[in-house]
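What follows is a single structure, written as structure tokens, with notes after it.
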Amino acid sequence: MATSNVLEVHIKHFAYQEDVVLREVNFSLDQGTHLAILGESGGGKSTLLHIIYGLLPTPQGRIFWLGREVPGPESQLIPGAPFMKLVDQEFTLMPMTTVAENIAADLPRFDLKESDRRVNELLEVVGLTAMKHTKARLLSGGQRQRIALAKALATEPEILLLDEPFSQIDLPRRADLRQTLFAYLKEKGITCLTATHDAYEALGYADKIAVLGGHTLLRFEAPKILFQSLDSAYLAGFFGAFSKIPKGVLSPKQLYLLPHQLKLTRLKTALCVEIQNNVFQGTHYLVSSTFCGDTIYFIYHKPLKPGRTCYLALLNNIA
């Protein structure tokens, strides 16, 4: 099995009329890699997936899969590369047919026993075995989204493109589905690109994270490296509450820190804050404080009295 540069993306410029959406987006992926694409709403995540799939013309861009250029809509009658599957936010099912019939629609019909086995396998992956004979029109939004995922996997694509694939699925089921789905994709060696706004979700399954901002590719790194080197308010904001520490306070450079990266200390540091509020988060409290008019967040095992002043230091030598 080939293991390098099976997917190559080179987009110099893409715009809807005069509105620039993407520019200078270049990266490559190994086979079986899971890539999470992070970006703000309207930042080009969905557009990037549609370009890769071949739904949008790219006169100033080229996409290659296994060394061959992926044709755009101008080159084929039915847009969309046959070896890829795209599950976007406007997925459609046949409402008057059953869940099993929806999944089996693209499977060969000469071996019904094998087709049924495949349907059962995919229903187990998405956790909807009990809904096999239910009409699609009776499903909830989250259930329809899960069936759309199963349908996309029916013919085992070489590359799977997912646009906010868990957006309609409730939290208790989301974690199980995410774990099962991405484990299945790894087992099958299926390359996967997922557009998401949930950075913590991406940390759990992605081999690489691509961050889109200002219409371009800002970062393309392993999750651990990205998480440990947040270098802008834009990037840190994907992970929730963060603190902007001016240069010279705890480090010669300006820092963007997540709450767990600061700790209360008895030593007098340059970061002396005044406690404002405490929010219980199960295993700890998220404490908000102020420093020179800016909000500073850190975590502590118990609530701290508002108005109290205390010193903060870096949890580790991250500067």
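All residue names refer to the structure tokens as shown: chains lettered A, B, ... in order, residues numbered from 1 in each chain, ligands numbered from 1 in order.
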Write out, as CSV, each residue of region 144-249 of chain A that has an atom at most 10 Å from region 271-282 of chain A, together with the closest pair of atoms and their distance in Å to one decimal, counting only C-alpha atoms, rows going by chain and rising number.
```
residue,atom,partner,partner_atom,distance
A:Ile245,CA,A:Leu271,CA,8.6
A:Pro246,CA,A:Leu271,CA,9.8
A:Val249,CA,A:Leu271,CA,6.4
```
Closest atom pairs, residues of region 48-129 of chain A within 10 Å of region 133-145 of chain A, only C-alpha atoms, as CSV:
```
residue,atom,partner,partner_atom,distance
A:Val87,CA,A:Gln145,CA,8.7
A:Asp88,CA,A:Gln145,CA,9.4
A:Gln89,CA,A:Gln145,CA,8.6
A:Glu90,CA,A:Gln145,CA,9.4
A:Phe91,CA,A:Gln145,CA,7.3
A:Thr92,CA,A:Arg144,CA,8.4
A:Leu93,CA,A:Ala136,CA,6.9
A:Met94,CA,A:Ala136,CA,6.7
A:Pro95,CA,A:Arg137,CA,4.4
A:Met96,CA,A:Lys135,CA,5.9
A:Thr97,CA,A:Lys135,CA,5.3
A:Thr98,CA,A:Lys135,CA,4.1
A:Val99,CA,A:Ala136,CA,5.6
A:Ala100,CA,A:His133,CA,6.3
A:Glu101,CA,A:His133,CA,8.4
A:Asn102,CA,A:Ala136,CA,7.9
A:Val126,CA,A:Gln143,CA,9.0
A:Gly127,CA,A:Gln143,CA,9.3
A:Leu128,CA,A:Gln143,CA,7.8
A:Thr129,CA,A:His133,CA,9.1
```
Check: Residues at most 9 Å from Leu153 (chain A), counting only C-alpha atoms, excluding those fewer than 3 positions away in the same chain, as a ChimeraX atom specification?
Finding: /A:85,103,122,148-150,156-157,160
Next item on the list: Determine which residues of region 47-280 of chain A DSSP labels as helix (DSSP H, G or I) from the backbone of this structure, then write them out as number ranges by chain.
Entry: A: 47-53, 73-75, 99-104, 112-125, 129-131, 136-138, 141-153, 171-188, 199-205, 223-227, 233-237, 259-261
Check: If you measure from CA of Val25 (chain A) to CA of Ser167 (chain A), what distance in Å do you get, rounded to one decimal?
Finding: 25.3 Å
Margin query: Here is a test: counting only C-alpha atoms, which residue of A:Val287, A:Leu312, A:Ile51, A:Ile299 is nearest to Lys268 (chain A)?
Written below: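 Ranked by minimum distance to Lys268 (chain A), first place goes to A:Leu312.
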Checklist line | Computed interatomic separation between CA of Asn316 (chain A) and CA of Gln228 (chain A) (Å) | finding: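 We find that CA of Asn316 (chain A) and CA of Gln228 (chain A) lie 11.0 Å from each other.
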Next item on the list: With a distance cut-off of 6 Å and only C-alpha atoms, select the neighbouring residues of region 30-39 of chain A, excluding the residue or stretch itself and same-chain residues fewer than 2 positions from it, and output the selection as a PyMOL selection string.
Entry: chain A and resi 3-6+43+189-197+202+206-212
Check: Of the candidates A:Cys292, A:Leu235, A:Leu22, A:Val9, which one gets nearest to Gly67 (chain A) if we count only C-alpha atoms?
Finding: A:Val9
Next item on the list: Would you mind writing down, as number ranges by chain, each residue of region 54-125 of chain A that DSSP on the backbone assigns to strand (DSSP E)?
Entry: A: 61-65, 68-69, 84-87
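Near Arg68 (chain A), within a cut-off of 10 Å and counting only C-alpha atoms, sit the residues Val6, Leu7, Glu8 and Ile63 of chain A, with same-chain residues fewer than 5 positions away left out.
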Requested write-out: N, CA and C atoms of the selected residues, as a short mmCIF file (atom, residue, chain, number, x, y, z; two decimals), in the first residue's frame:
```
data_model
loop_
_atom_site.label_atom_id
_atom_site.label_comp_id
_atom_site.auth_asym_id
_atom_site.auth_seq_id
_atom_site.Cartn_x
_atom_site.Cartn_y
_atom_site.Cartn_z
N VAL A 6 -0.64 10.68 -1.50
CA VAL A 6 -1.72 10.18 -2.34
C VAL A 6 -2.67 11.31 -2.72
N LEU A 7 -2.80 12.31 -1.85
CA LEU A 7 -3.63 13.47 -2.15
C LEU A 7 -2.76 14.72 -2.14
N GLU A 8 -2.83 15.48 -3.22
CA GLU A 8 -2.12 16.75 -3.31
C GLU A 8 -3.11 17.85 -3.67
N ILE A 63 -5.97 19.48 -8.18
CA ILE A 63 -6.07 18.45 -7.16
C ILE A 63 -5.59 17.14 -7.78
#
```
Margin query: Need the shell around Val119 (chain A): protein/DNA/RNA residues with any atom at most 8 Å away, counting only C-alpha atoms. Skip same-chain ones fewer than 2 positions apart. Format as a list in words?
Written below: Ala100, Ile103, Ala104, Ser115, Asp116, Arg117, Glu121, Leu122, Leu123 and Ala154 of chain A
Notebook entry, point to check: Quick one: of A:Leu86, A:Ile11, A:Ile78, A:Cys310, who's nearest to Gly61 (chain A), counting only C-alpha atoms?
Noted result: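 Comparing A:Leu86, A:Ile11, A:Ile78, A:Cys310 against Gly61 (chain A), the winner is A:Ile11.
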